[in-house]
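K.L.:
Next comes data-v2.json, JSON, C-alpha atoms and all ligand atoms:
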[["chain", "number", "residue", "atom", "x", "y", "z"],
["A", 1095, "ALA", "CA", 61.07, -52.59, 134.72],
["A", 1096, "ALA", "CA", 58.14, -50.21, 134.36],
["A", 1097, "PRO", "CA", 58.78, -47.24, 132.05],
["A", 1098, "LEU", "CA", 58.27, -44.89, 134.99],
["A", 1099, "ALA", "CA", 61.09, -46.50, 136.95],
["A", 1100, "ILE", "CA", 63.39, -46.27, 133.97],
["A", 1101, "VAL", "CA", 63.09, -42.52, 133.67],
["A", 1102, "ARG", "CA", 63.39, -41.86, 137.39],
["A", 1103, "GLY", "CA", 66.40, -39.66, 138.02],
["A", 1104, "ALA", "CA", 67.07, -39.16, 134.31],
["A", 1105, "GLY", "CA", 66.20, -35.47, 134.38],
["A", 1106, "ALA", "CA", 68.43, -34.69, 137.33],
["A", 1107, "ALA", "CA", 71.21, -36.75, 135.78],
["A", 1108, "ALA", "CA", 70.97, -35.01, 132.41],
["A", 1109, "ASP", "CA", 71.09, -31.63, 134.13],
["A", 1110, "ALA", "CA", 74.32, -32.68, 135.84],
["A", 1111, "GLY", "CA", 75.91, -33.91, 132.61],
["A", 1112, "ILE", "CA", 75.21, -37.60, 133.00],
["A", 1113, "ILE", "CA", 73.58, -39.66, 130.27],
["A", 1114, "MET", "CA", 72.01, -42.89, 131.39],
["A", 1115, "ARG", "CA", 71.55, -45.31, 128.56],
["A", 1116, "THR", "CA", 69.87, -48.01, 130.65],
["A", 1117, "GLY", "CA", 67.63, -47.34, 133.64],
["A", 1118, "GLU", "CA", 68.42, -50.72, 135.15],
["A", 1119, "ALA", "CA", 72.15, -50.06, 135.52],
["A", 1120, "PHE", "CA", 71.42, -46.65, 136.98],
["A", 1121, "GLN", "CA", 69.22, -48.27, 139.57],
["A", 1122, "THR", "CA", 72.00, -50.75, 140.35],
["A", 1123, "PHE", "CA", 74.60, -48.01, 140.84],
["A", 1124, "ARG", "CA", 73.63, -47.38, 144.46],
["A", 1125, "THR", "CA", 74.37, -51.02, 145.35],
["A", 1126, "VAL", "CA", 77.84, -51.16, 143.76],
["A", 1127, "THR", "CA", 80.57, -52.51, 146.11],
["A", 1128, "ARG", "CA", 83.59, -52.38, 143.77],
["A", 1129, "VAL", "CA", 84.57, -49.75, 141.25],
["A", 1130, "LEU", "CA", 87.17, -50.75, 138.68],
["A", 1131, "LEU", "CA", 88.95, -47.76, 137.18],
["A", 1132, "ASP", "CA", 91.01, -47.84, 134.00],
["A", 1133, "LYS", "CA", 94.28, -45.89, 134.22],
["A", 1134, "THR", "CA", 95.08, -44.20, 130.92],
["A", 1135, "GLY", "CA", 92.43, -41.64, 130.03],
["A", 1136, "THR", "CA", 90.25, -42.42, 133.05],
["A", 1137, "LEU", "CA", 92.26, -41.85, 136.25],
["A", 1138, "THR", "CA", 94.76, -39.83, 134.25],
["A", 1139, "THR", "CA", 94.10, -36.91, 131.94],
["A", 1140, "GLY", "CA", 94.71, -39.18, 128.96],
["A", 1141, "ARG", "CA", 97.06, -36.59, 127.54],
["A", 1142, "PRO", "CA", 100.41, -38.29, 128.04],
["A", 1143, "VAL", "CA", 103.53, -36.56, 126.80],
["A", 1144, "VAL", "CA", 106.80, -38.02, 125.60],
["A", 1145, "SER", "CA", 109.15, -37.47, 128.52],
["A", 1146, "GLU", "CA", 112.19, -39.28, 127.17],
["A", 1147, "LEU", "CA", 113.35, -40.54, 123.79],
["A", 1148, "CYS", "CA", 116.04, -43.24, 123.82],
["A", 1149, "PRO", "CA", 117.30, -44.21, 120.36],
["A", 1150, "ALA", "CA", 119.14, -47.51, 120.02],
["A", 1151, "HIS", "CA", 122.85, -47.45, 119.29],
["A", 1152, "GLY", "CA", 123.54, -45.85, 115.90],
["A", 1153, "VAL", "CA", 119.98, -44.48, 115.46],
["A", 1154, "ALA", "CA", 119.25, -40.74, 115.27],
["A", 1155, "ALA", "CA", 116.54, -39.43, 117.64],
["A", 1156, "GLU", "CA", 114.77, -37.74, 114.71],
["A", 1157, "GLU", "CA", 114.63, -40.98, 112.78],
["A", 1158, "LEU", "CA", 113.18, -42.87, 115.75],
["A", 1159, "LEU", "CA", 110.55, -40.20, 116.26],
["A", 1160, "ALA", "CA", 109.62, -39.94, 112.57],
["A", 1161, "VAL", "CA", 109.26, -43.70, 112.12],
["A", 1162, "ALA", "CA", 107.17, -44.08, 115.29],
["A", 1163, "ALA", "CA", 104.92, -41.11, 114.45],
["A", 1164, "ALA", "CA", 104.37, -42.47, 110.94],
["A", 1165, "ALA", "CA", 103.43, -45.91, 112.25],
["A", 1166, "GLU", "CA", 101.01, -44.28, 114.73],
["A", 1167, "THR", "CA", 99.37, -42.05, 112.07],
["A", 1168, "HIS", "CA", 96.05, -43.89, 112.18],
["A", 1169, "SER", "CA", 95.90, -44.84, 115.87],
["A", 1170, "GLU", "CA", 93.45, -43.08, 118.18],
["A", 1171, "HIS", "CA", 95.30, -44.24, 121.31],
["A", 1172, "PRO", "CA", 96.44, -41.39, 123.63],
["A", 1173, "LEU", "CA", 100.03, -42.67, 123.42],
["A", 1174, "ALA", "CA", 99.88, -42.44, 119.61],
["A", 1175, "ARG", "CA", 98.69, -38.85, 119.87],
["A", 1176, "ALA", "CA", 101.59, -38.02, 122.21],
["A", 1177, "ILE", "CA", 104.13, -39.50, 119.80],
["A", 1178, "ARG", "CA", 102.59, -37.61, 116.85],
["A", 1179, "ASP", "CA", 102.62, -34.37, 118.87],
["A", 1180, "ALA", "CA", 106.31, -34.81, 119.66],
["A", 1181, "SER", "CA", 107.15, -35.26, 115.97],
["A", 1182, "ARG", "CA", 105.05, -32.24, 115.06],
["A", 1183, "HIS", "CA", 106.94, -30.08, 117.57],
["A", 1184, "GLN", "CA", 110.14, -30.97, 115.79],
["A", 1185, "ARG", "CA", 108.48, -30.37, 112.40],
["A", 1186, "LEU", "CA", 109.60, -33.75, 111.14],
["A", 1187, "GLU", "CA", 108.75, -34.93, 107.66],
["A", 1188, "LEU", "CA", 107.00, -38.29, 108.09],
["A", 1189, "PRO", "CA", 107.70, -41.25, 105.81],
["A", 1190, "ALA", "CA", 104.87, -42.94, 103.90],
["A", 1191, "VAL", "CA", 102.80, -45.50, 105.80],
["A", 1192, "THR", "CA", 100.62, -48.38, 104.61],
["A", 1193, "ASP", "CA", 99.16, -51.60, 106.05],
["A", 1194, "PHE", "CA", 98.34, -50.07, 109.42],
["A", 1195, "GLN", "CA", 96.97, -52.44, 112.02],
["A", 1196, "ALA", "CA", 96.21, -51.79, 115.69],
["A", 1197, "THR", "CA", 96.18, -54.51, 118.34],
["A", 1198, "THR", "CA", 94.09, -53.29, 121.25],
["A", 1199, "GLY", "CA", 96.03, -53.11, 124.51],
["A", 1200, "PHE", "CA", 99.32, -53.87, 122.77],
["A", 1201, "GLY", "CA", 100.33, -51.45, 120.03],
["A", 1202, "VAL", "CA", 100.42, -51.00, 116.27],
["A", 1203, "THR", "CA", 102.01, -52.53, 113.20],
["A", 1204, "ALA", "CA", 102.55, -50.73, 109.87],
["A", 1205, "THR", "CA", 104.69, -50.63, 106.79],
["A", 1206, "VAL", "CA", 106.77, -47.45, 106.89],
["A", 1207, "ASP", "CA", 108.86, -46.70, 103.78],
["A", 1208, "ASP", "CA", 108.69, -50.38, 102.84],
["A", 1209, "HIS", "CA", 109.92, -51.49, 106.27],
["A", 1210, "ARG", "CA", 107.89, -53.50, 108.74],
["A", 1211, "VAL", "CA", 107.48, -51.43, 111.91],
["A", 1212, "LEU", "CA", 105.98, -52.38, 115.28],
["A", 1213, "VAL", "CA", 105.29, -49.87, 118.05],
["A", 1214, "GLY", "CA", 103.96, -50.96, 121.39],
["A", 1215, "ARG", "CA", 104.55, -52.32, 124.82],
["A", 1216, "PRO", "CA", 107.53, -54.61, 125.33],
["A", 1217, "ALA", "CA", 105.34, -57.69, 125.84],
["A", 1218, "PHE", "CA", 103.69, -57.06, 122.44],
["A", 1219, "LEU", "CA", 107.05, -57.17, 120.71],
["A", 1220, "THR", "CA", 108.48, -60.16, 122.54],
["A", 1221, "ALA", "CA", 105.21, -62.00, 121.84],
["A", 1222, "ASN", "CA", 105.95, -61.33, 118.17],
["A", 1223, "GLY", "CA", 109.26, -63.14, 118.55],
["A", 1224, "LEU", "CA", 111.45, -60.05, 118.71],
["A", 1225, "ASP", "CA", 114.64, -59.81, 120.72],
["A", 1226, "LEU", "CA", 114.61, -56.65, 122.86],
["A", 1227, "SER", "CA", 117.83, -57.34, 124.74],
["A", 1228, "PRO", "CA", 119.70, -54.42, 123.03],
["A", 1229, "VAL", "CA", 117.25, -52.01, 124.74],
["A", 1230, "GLY", "CA", 116.46, -54.18, 127.78],
["A", 1231, "ASP", "CA", 118.33, -52.01, 130.29],
["A", 1232, "THR", "CA", 116.65, -48.86, 128.99],
["A", 1233, "ILE", "CA", 113.19, -50.45, 129.30],
["A", 1234, "ALA", "CA", 113.90, -51.58, 132.88],
["A", 1235, "ARG", "CA", 115.22, -48.16, 133.93],
["A", 1236, "LEU", "CA", 112.24, -46.26, 132.49],
["A", 1237, "GLU", "CA", 109.66, -48.68, 133.95],
["A", 1238, "ASP", "CA", 111.36, -48.41, 137.36],
["A", 1239, "ASP", "CA", 110.80, -44.65, 137.13],
["A", 1240, "GLY", "CA", 107.06, -45.26, 136.70],
["A", 1241, "HIS", "CA", 106.93, -44.42, 133.01],
["A", 1242, "THR", "CA", 104.78, -45.99, 130.37],
["A", 1243, "VAL", "CA", 107.23, -47.58, 127.95],
["A", 1244, "VAL", "CA", 106.74, -48.01, 124.23],
["A", 1245, "VAL", "CA", 109.30, -49.77, 122.03],
["A", 1246, "VAL", "CA", 109.82, -49.22, 118.30],
["A", 1247, "VAL", "CA", 111.08, -52.08, 116.14],
["A", 1248, "ARG", "CA", 111.94, -51.89, 112.41],
["A", 1249, "ASP", "CA", 112.65, -55.03, 110.43],
["A", 1250, "HIS", "CA", 113.24, -57.01, 113.63],
["A", 1251, "HIS", "CA", 115.71, -54.50, 115.09],
["A", 1252, "PRO", "CA", 114.85, -52.22, 118.02],
["A", 1253, "LEU", "CA", 115.08, -48.58, 116.87],
["A", 1254, "GLY", "CA", 114.59, -47.23, 120.35],
["A", 1255, "VAL", "CA", 112.33, -46.65, 123.32],
["A", 1256, "PHE", "CA", 109.83, -43.94, 124.28],
["A", 1257, "ALA", "CA", 109.03, -43.03, 127.87],
["A", 1258, "LEU", "CA", 105.65, -41.40, 128.29],
["A", 1259, "ALA", "CA", 104.14, -39.82, 131.35],
["A", 1260, "ASP", "CA", 100.53, -38.97, 132.05],
["A", 1261, "ALA", "CA", 99.22, -36.87, 134.93],
["A", 1262, "LEU", "CA", 96.58, -37.96, 137.43],
["A", 1263, "ARG", "CA", 93.31, -36.08, 136.93],
["A", 1264, "PRO", "CA", 93.10, -33.31, 139.52],
["A", 1265, "GLU", "CA", 89.87, -34.68, 141.04],
["A", 1266, "ALA", "CA", 90.90, -38.38, 141.01],
["A", 1267, "ALA", "CA", 92.20, -38.68, 144.61],
["A", 1268, "GLN", "CA", 89.15, -36.89, 146.01],
["A", 1269, "VAL", "CA", 86.76, -39.17, 144.11],
["A", 1270, "VAL", "CA", 88.62, -42.29, 145.26],
["A", 1271, "ALA", "CA", 88.45, -41.08, 148.87],
["A", 1272, "ALA", "CA", 84.71, -40.38, 148.58],
["A", 1273, "LEU", "CA", 84.07, -43.85, 147.17],
["A", 1274, "ARG", "CA", 85.97, -45.39, 150.06],
["A", 1275, "ASP", "CA", 83.97, -43.31, 152.57],
["A", 1276, "ALA", "CA", 80.84, -44.68, 150.96],
["A", 1277, "GLY", "CA", 82.10, -48.23, 151.50],
["A", 1278, "VAL", "CA", 82.98, -48.83, 147.85],
["A", 1279, "ILE", "CA", 86.37, -50.38, 147.15],
["A", 1280, "PRO", "CA", 88.30, -48.74, 144.29],
["A", 1281, "VAL", "CA", 90.44, -50.97, 142.06],
["A", 1282, "LEU", "CA", 92.86, -49.88, 139.33],
["A", 1283, "VAL", "CA", 92.98, -52.01, 136.19],
["A", 1284, "THR", "CA", 95.30, -51.25, 133.28],
["A", 1285, "GLY", "CA", 97.14, -52.68, 130.31],
["A", 1286, "ASP", "CA", 100.20, -50.69, 131.30],
["A", 1287, "ASN", "CA", 103.23, -52.01, 133.21],
["A", 1288, "PRO", "CA", 103.06, -52.64, 137.01],
["A", 1289, "ARG", "CA", 105.45, -49.78, 137.87],
["A", 1290, "ALA", "CA", 103.49, -47.16, 135.96],
["A", 1291, "ALA", "CA", 100.26, -48.58, 137.39],
["A", 1292, "GLY", "CA", 101.60, -48.48, 140.97],
["A", 1293, "HIS", "CA", 102.82, -44.92, 140.48],
["A", 1294, "ILE", "CA", 99.34, -43.67, 139.56],
["A", 1295, "ALA", "CA", 97.60, -45.89, 142.15],
["A", 1296, "ARG", "CA", 99.68, -44.39, 144.97],
["A", 1297, "GLN", "CA", 98.84, -40.85, 143.86],
["A", 1298, "ALA", "CA", 95.14, -41.71, 143.61],
["A", 1299, "GLY", "CA", 95.04, -43.58, 146.93],
["A", 1300, "ILE", "CA", 94.16, -46.98, 145.45],
["A", 1301, "ASP", "CA", 95.53, -50.15, 147.10],
["A", 1302, "GLU", "CA", 94.33, -52.83, 144.71],
["A", 1303, "VAL", "CA", 96.10, -52.79, 141.35],
["A", 1304, "HIS", "CA", 95.86, -55.10, 138.35],
["A", 1305, "ALA", "CA", 98.50, -54.25, 135.73],
["A", 1306, "GLN", "CA", 99.34, -55.65, 132.29],
["A", 1307, "VAL", "CA", 95.75, -56.74, 131.89],
["A", 1308, "LEU", "CA", 94.51, -57.44, 128.36],
["A", 1309, "PRO", "CA", 91.07, -56.14, 127.28],
["A", 1310, "GLU", "CA", 89.45, -59.60, 127.58],
["A", 1311, "ASP", "CA", 91.08, -60.09, 130.96],
["A", 1312, "LYS", "CA", 89.61, -56.81, 132.22],
["A", 1313, "ALA", "CA", 86.19, -58.35, 131.53],
["A", 1314, "ASP", "CA", 87.27, -61.60, 133.23],
["A", 1315, "LEU", "CA", 88.30, -59.65, 136.31],
["A", 1316, "VAL", "CA", 84.82, -58.11, 136.40],
["A", 1317, "GLY", "CA", 83.34, -61.60, 136.14],
["A", 1318, "ARG", "CA", 85.52, -62.97, 138.94],
["A", 1319, "LEU", "CA", 84.50, -60.16, 141.30],
["A", 1320, "GLN", "CA", 80.84, -60.73, 140.43],
["A", 1321, "ALA", "CA", 81.25, -64.45, 141.12],
["A", 1322, "ALA", "CA", 82.66, -63.50, 144.54],
["A", 1323, "GLY", "CA", 79.41, -61.67, 145.25],
["A", 1324, "HIS", "CA", 80.37, -58.12, 144.36],
["A", 1325, "THR", "CA", 78.29, -55.66, 142.41],
["A", 1326, "VAL", "CA", 80.79, -54.14, 140.03],
["A", 1327, "ALA", "CA", 81.04, -50.82, 138.23],
["A", 1328, "MET", "CA", 83.68, -50.37, 135.54],
["A", 1329, "VAL", "CA", 84.85, -46.92, 134.54],
["A", 1330, "GLY", "CA", 86.78, -46.55, 131.29],
["A", 1331, "ASP", "CA", 87.37, -44.60, 128.13],
["A", 1332, "GLY", "CA", 88.99, -46.86, 125.56],
["A", 1333, "ILE", "CA", 88.32, -49.63, 123.06],
["A", 1334, "ASN", "CA", 90.28, -51.82, 125.45],
["A", 1335, "ASP", "CA", 87.67, -51.20, 128.16],
["A", 1336, "ALA", "CA", 84.64, -52.12, 126.04],
["A", 1337, "PRO", "CA", 84.38, -55.81, 127.05],
["A", 1338, "ALA", "CA", 84.64, -54.92, 130.76],
["A", 1339, "LEU", "CA", 82.10, -52.07, 130.40],
["A", 1340, "MET", "CA", 79.67, -54.57, 128.87],
["A", 1341, "ARG", "CA", 80.27, -57.21, 131.53],
["A", 1342, "ALA", "CA", 80.05, -54.90, 134.54],
["A", 1343, "ASP", "CA", 76.79, -54.41, 136.44],
["A", 1344, "VAL", "CA", 77.29, -50.72, 135.73],
["A", 1345, "GLY", "CA", 79.51, -49.56, 132.86],
["A", 1346, "VAL", "CA", 80.57, -45.93, 133.03],
["A", 1347, "ALA", "CA", 82.28, -44.19, 130.09],
["A", 1348, "VAL", "CA", 84.13, -40.93, 130.65],
["A", 1349, "GLY", "CA", 83.39, -38.00, 128.39],
["A", 1350, "SER", "CA", 86.04, -37.85, 125.72],
["A", 1351, "GLY", "CA", 86.14, -41.65, 125.45],
["A", 1352, "THR", "CA", 86.11, -43.55, 122.20],
["A", 1353, "ASP", "CA", 82.77, -44.32, 120.51],
["A", 1354, "ILE", "CA", 83.13, -48.00, 121.28],
["A", 1355, "ALA", "CA", 83.49, -47.24, 125.00],
["A", 1356, "THR", "CA", 80.42, -45.00, 125.11],
["A", 1357, "GLU", "CA", 78.40, -47.54, 123.12],
["A", 1358, "SER", "CA", 79.37, -50.30, 125.57],
["A", 1359, "ALA", "CA", 78.53, -48.26, 128.67],
["A", 1360, "ASP", "CA", 75.30, -47.84, 130.66],
["A", 1361, "ILE", "CA", 76.21, -44.39, 131.89],
["A", 1362, "ILE", "CA", 78.15, -41.68, 130.06],
["A", 1363, "LEU", "CA", 79.81, -38.80, 131.90],
["A", 1364, "VAL", "CA", 79.45, -35.93, 129.45],
["A", 1365, "ARG", "CA", 82.32, -33.91, 130.86],
["A", 1366, "ASP", "CA", 85.79, -35.23, 131.61],
["A", 1367, "ASP", "CA", 85.15, -35.02, 135.33],
["A", 1368, "LEU", "CA", 85.20, -38.06, 137.60],
["A", 1369, "THR", "CA", 83.17, -36.30, 140.32],
["A", 1370, "LEU", "CA", 80.17, -36.86, 138.01],
["A", 1371, "MET", "CA", 80.45, -40.50, 139.05],
["A", 1372, "LEU", "CA", 79.69, -39.51, 142.64],
["A", 1373, "THR", "CA", 76.81, -37.39, 141.40],
["A", 1374, "ALA", "CA", 75.45, -40.34, 139.40],
["A", 1375, "ARG", "CA", 75.67, -42.59, 142.46],
["A", 1376, "GLU", "CA", 73.93, -39.98, 144.61],
["A", 1377, "ILE", "CA", 71.09, -39.51, 142.12],
["A", 1378, "SER", "CA", 70.73, -43.29, 141.91],
["A", 1379, "ARG", "CA", 70.44, -43.46, 145.71],
["A", 1380, "ARG", "CA", 67.92, -40.64, 145.90],
["A", 1381, "SER", "CA", 65.81, -41.90, 142.99],
["A", 1382, "TYR", "CA", 65.53, -45.53, 143.98],
["A", 1383, "ARG", "CA", 65.76, -45.47, 147.75],
["A", 1384, "ARG", "CA", 62.21, -46.50, 148.51],
["A", 1385, "VAL", "CA", 61.47, -48.45, 145.37],
["A", 1386, "LYS", "CA", 60.73, -52.14, 145.61],
["B", 1, "LIG", "P1", 95.12, -48.68, 129.68],
["B", 1, "LIG", "O1", 94.48, -49.96, 130.10],
["B", 1, "LIG", "O2", 95.89, -48.07, 130.80],
["B", 1, "LIG", "O3", 94.11, -47.68, 129.12],
["B", 1, "LIG", "P2", 95.92, -49.81, 127.12],
["B", 1, "LIG", "O4", 95.34, -51.17, 127.37],
["B", 1, "LIG", "O5", 95.21, -48.94, 126.15],
["B", 1, "LIG", "O6", 96.19, -49.03, 128.51],
["B", 1, "LIG", "O7", 97.43, -50.01, 126.60],
["B", 1, "LIG", "C1", 98.30, -50.86, 127.29],
["B", 1, "LIG", "C2", 99.68, -50.68, 126.77],
["B", 1, "LIG", "O8", 99.77, -51.10, 125.41],
["B", 1, "LIG", "C3", 100.15, -49.23, 126.78],
["B", 1, "LIG", "O9", 100.70, -48.86, 128.00],
["B", 1, "LIG", "C4", 101.19, -49.27, 125.67],
["B", 1, "LIG", "O10", 102.43, -49.73, 126.18],
["B", 1, "LIG", "C5", 100.65, -50.27, 124.68],
["B", 1, "LIG", "N1", 99.91, -49.63, 123.58],
["B", 1, "LIG", "C6", 98.58, -49.71, 123.33],
["B", 1, "LIG", "N2", 98.25, -49.03, 122.21],
["B", 1, "LIG", "C7", 99.39, -48.46, 121.75],
["B", 1, "LIG", "C8", 99.72, -47.62, 120.64],
["B", 1, "LIG", "N3", 98.81, -47.19, 119.75],
["B", 1, "LIG", "N4", 101.02, -47.24, 120.51],
["B", 1, "LIG", "C9", 101.94, -47.66, 121.39],
["B", 1, "LIG", "N5", 101.69, -48.44, 122.45],
["B", 1, "LIG", "C10", 100.45, -48.86, 122.63],
["B", 2, "MG", "MG", 92.17, -46.02, 128.84]]
What would you get if you wrote out this structure as structure tokens?
Ligand code: ADP
Ligand code: MG
P.N.:
Amino acid sequence: AAPLAIVRGAGAAADAGIIMRTGEAFQTFRTVTRVLLDKTGTLTTGRPVVSELCPAHGVAAEELLAVAAAAETHSEHPLARAIRDASRHQRLELPAVTDFQATTGFGVTATVDDHRVLVGRPAFLTANGLDLSPVGDTIARLEDDGHTVVVVVRDHHPLGVFALADALRPEAAQVVAALRDAGVIPVLVTGDNPRAAGHIARQAGIDEVHAQVLPEDKADLVGRLQAAGHTVAMVGDGINDAPALMRADVGVAVGSGTDIATESADIILVRDDLTLMLTAREISRRSYRRVK
């Protein structure tokens, strides 16, 4: 495109708190028919809190919390931050941690006090060959309540389960309604469990939900919608959203997102405010309306 077309709307966008990294995607924004929204950190505040701590039989709550917080020391995931905050509130002394490894969309692995520890979603642990039956009922009950569930395993034995809850962003329902009014179909896509996903989708007013979706599969979903003739925007904040942000016709990263998300996006919302998405769409419409 001509340089002039690329800068069109950029000034107005910057004033509103919107950075457009590619003019082409900005121009495409007005023609988007589907908007995929990530759950954790995008539709929600991304500040989940530990709402329940369920140690396995014979395990002290403090021990469960300390081990999990230690394993999560180096994770930048919002759930990791919530677990660390909970341990800090109780002023727990954390054991030493080495060999940290994060698996995007699943959880973390680390050596804590010479023990192998895994923290993550139930599917992550069962995929690693672990038997979660001792805490199976607890997991089912918490997921039924719409919680995000994280399991802690030490040396192949479940230490316990965390339930975490995250609030919908105050403007989320209004933005979803405005998108719908504009003829754009909102879709929720998340790595979290279907109950937690449905819980947030209902509050936001979203009918189409894709839960337990791995990062690569988020990108595949974008591709499938494109193949069906849709022009797709993806809105996300995390490492796990990066492939989908790249694949989408328009990738939108929300403000406090990780560096990898903002680097993969076409448009960055500077403030943590989803209404900026509507502003971006409006500026795109105004700027490119009569352009051939
Ligand atoms: P979303 O798509 O909603 O942003 P993610 O793909 O980041 O969610 O994570 C999906 C699930 O993987 C989480 O709900 C959680 O169960 C698990 N998970 C991911 N990272 C971590 C972590 N650092 N600690 C514990 N659990 C994690
Ligand atoms: Mg997220």
K.L.:
Near Val1161 (chain A), counting all atoms listed in the file, which residues have an atom at most 9 Å away, once you skip same-chain residues fewer than 4 positions from it, shown as a PDB file with C-alpha atoms, keeping the file's coordinate frame?
P.N.:
ATOM      1  CA  GLU A1156     114.770 -37.740 114.710  1.00  0.00           C
ATOM      2  CA  GLU A1157     114.630 -40.980 112.780  1.00  0.00           C
ATOM      3  CA  ALA A1165     103.430 -45.910 112.250  1.00  0.00           C
ATOM      4  CA  GLU A1166     101.010 -44.280 114.730  1.00  0.00           C
ATOM      5  CA  LEU A1188     107.000 -38.290 108.090  1.00  0.00           C
ATOM      6  CA  PRO A1189     107.700 -41.250 105.810  1.00  0.00           C
ATOM      7  CA  VAL A1206     106.770 -47.450 106.890  1.00  0.00           C
ATOM      8  CA  ASP A1207     108.860 -46.700 103.780  1.00  0.00           C
ATOM      9  CA  VAL A1211     107.480 -51.430 111.910  1.00  0.00           C
ATOM     10  CA  VAL A1246     109.820 -49.220 118.300  1.00  0.00           C
ATOM     11  CA  ARG A1248     111.940 -51.890 112.410  1.00  0.00           C
ATOM     12  CA  LEU A1253     115.080 -48.580 116.870  1.00  0.00           C
TER      13      LEU A1253
END
K.L.:
Given the choices A:Thr1232, A:Ser1227, A:Thr1122, A:Thr1136, which gets closest to ligand MG 2 (chain B) if the distance is worked out from all atoms listed in the file?
P.N.:
A:Thr1136
K.L.:
Need the shell around Ala1110 (chain A): protein/DNA/RNA residues with any atom at most 9 Å away, counting only C-alpha atoms. Skip same-chain ones fewer than 3 positions apart. Format as a list in words?
P.N.:
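Answer for this query is Gly1105, Ala1106, Ala1107, Ile1113, Val1364, Leu1370, Thr1373 and Ala1374 of chain A.
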K.L.:
Distance table requested - chain A against ligand MG 2 (chain B), cut-off 7 Å, all atoms listed in the file: one row per qualifying residue with the closest atom pair and its distance in Å to one decimal, ordered by chain and rising residue number, as CSV.
P.N.:
residue,atom,partner,partner_atom,distance
A:Asp1132,CA,B:MG2,MG,5.6
A:Lys1133,CA,B:MG2,MG,5.8
A:Thr1134,CA,B:MG2,MG,4.0
A:Gly1135,CA,B:MG2,MG,4.5
A:Thr1136,CA,B:MG2,MG,5.9
A:Gly1330,CA,B:MG2,MG,5.9
A:Asp1331,CA,B:MG2,MG,5.1
A:Gly1332,CA,B:MG2,MG,4.6
A:Asn1334,CA,B:MG2,MG,7.0
A:Asp1335,CA,B:MG2,MG,6.9
K.L.:
What residues have an atom no more than 8 Å from (76.0, -45.7, 132.8) in the file's own frame, counting only C-alpha atoms, and can you write them as number ranges by chain?
P.N.:
A: 1113-1116, 1119-1120, 1344-1347, 1359-1363
K.L.:
I want to know what sits within 8 Å of region 1297-1307 of chain A, based on only C-alpha atoms, with residues of the same chain fewer than 2 positions away left out; could you give that as a VMD selection string?
P.N.:
chain A and resid 1137 1262 1266 to 1267 1270 to 1271 1280 to 1288 1291 to 1295 1309 1311 to 1312
K.L.:
Of the candidates A:Cys1148, A:Ile1333, A:Ile1279, A:Leu1224, which one gets nearest to ligand LIG 1 (chain B) if we count all atoms listed in the file?
P.N.:
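Between A:Cys1148, A:Ile1333, A:Ile1279, A:Leu1224, the residue approaching ligand LIG 1 (chain B) most closely is A:Ile1333.
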K.L.:
Give me, as a PyMOL selection string, all polymer residues having an atom no more than 10 Å from His1209 (chain A), counting all atoms listed in the file and skipping those fewer than 4 positions away in the same chain.
P.N.:
chain A and resi 1161+1191-1192+1204-1205+1247-1250
K.L.:
To one decimal place in Å, what is the distance between CA of Ala1342 (chain A) and CA of Val1326 (chain A)?
P.N.:
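Separation between CA of Ala1342 (chain A) and CA of Val1326 (chain A): 5.6 Å.
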K.L.:
Between CA of Ala1276 (chain A) and atom O5 of ligand LIG 1 (chain B), measure the distance and give it in Å to one decimal.
P.N.:
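Going from CA of Ala1276 (chain A) over to atom O5 of ligand LIG 1 (chain B), I get 29.0 Å.
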K.L.:
Select, from A:Met1371, A:Ala1176, A:Ala1160, A:Leu1226, the residue with the minimum atom-to-atom distance to ligand LIG 1 (chain B), counting only C-alpha atoms and all ligand atoms.
P.N.:
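Going through A:Met1371, A:Ala1176, A:Ala1160, A:Leu1226 one by one, the smallest distance to ligand LIG 1 (chain B) is for A:Ala1176.
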K.L.:
So, counting all atoms listed in the file, which residue among A:Gly1323, A:Pro1142, A:Pro1216, A:Gly1117 is closest to ligand LIG 1 (chain B)?
P.N.:
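Closest to ligand LIG 1 (chain B), using all atoms listed in the file: A:Pro1216.
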K.L.:
Around (67.4, -44.2, 140.1) in the file's own coordinates, what residues are found within 6 Å if you use all atoms listed in the file, given back as JSON, numbers by chain?
P.N.:
{"A": [1102, 1103, 1120, 1121, 1378, 1381, 1382]}
K.L.:
Identify which of the residues A:Asp1260, A:Glu1118, A:Asp1208, A:Asp1275 lies closest to ligand LIG 1 (chain B), counting all atoms listed in the file when measuring atom-to-atom distances.
P.N.:
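Ranking A:Asp1260, A:Glu1118, A:Asp1208, A:Asp1275 by distance to ligand LIG 1 (chain B), first place goes to A:Asp1260.
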K.L.:
Nearest to ligand LIG 1 (chain B) among A:Ser1169, A:Gln1320, A:Gln1268, A:Ser1358, with distances taken over only C-alpha atoms and all ligand atoms: which residue is it?
P.N.:
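The closest residue to ligand LIG 1 (chain B) is A:Ser1169.
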K.L.:
Just give me the gap between CA of Val1129 (chain A) and CA of Val1329 (chain A) in Å, one decimal is fine.
P.N.:
7.3 Å
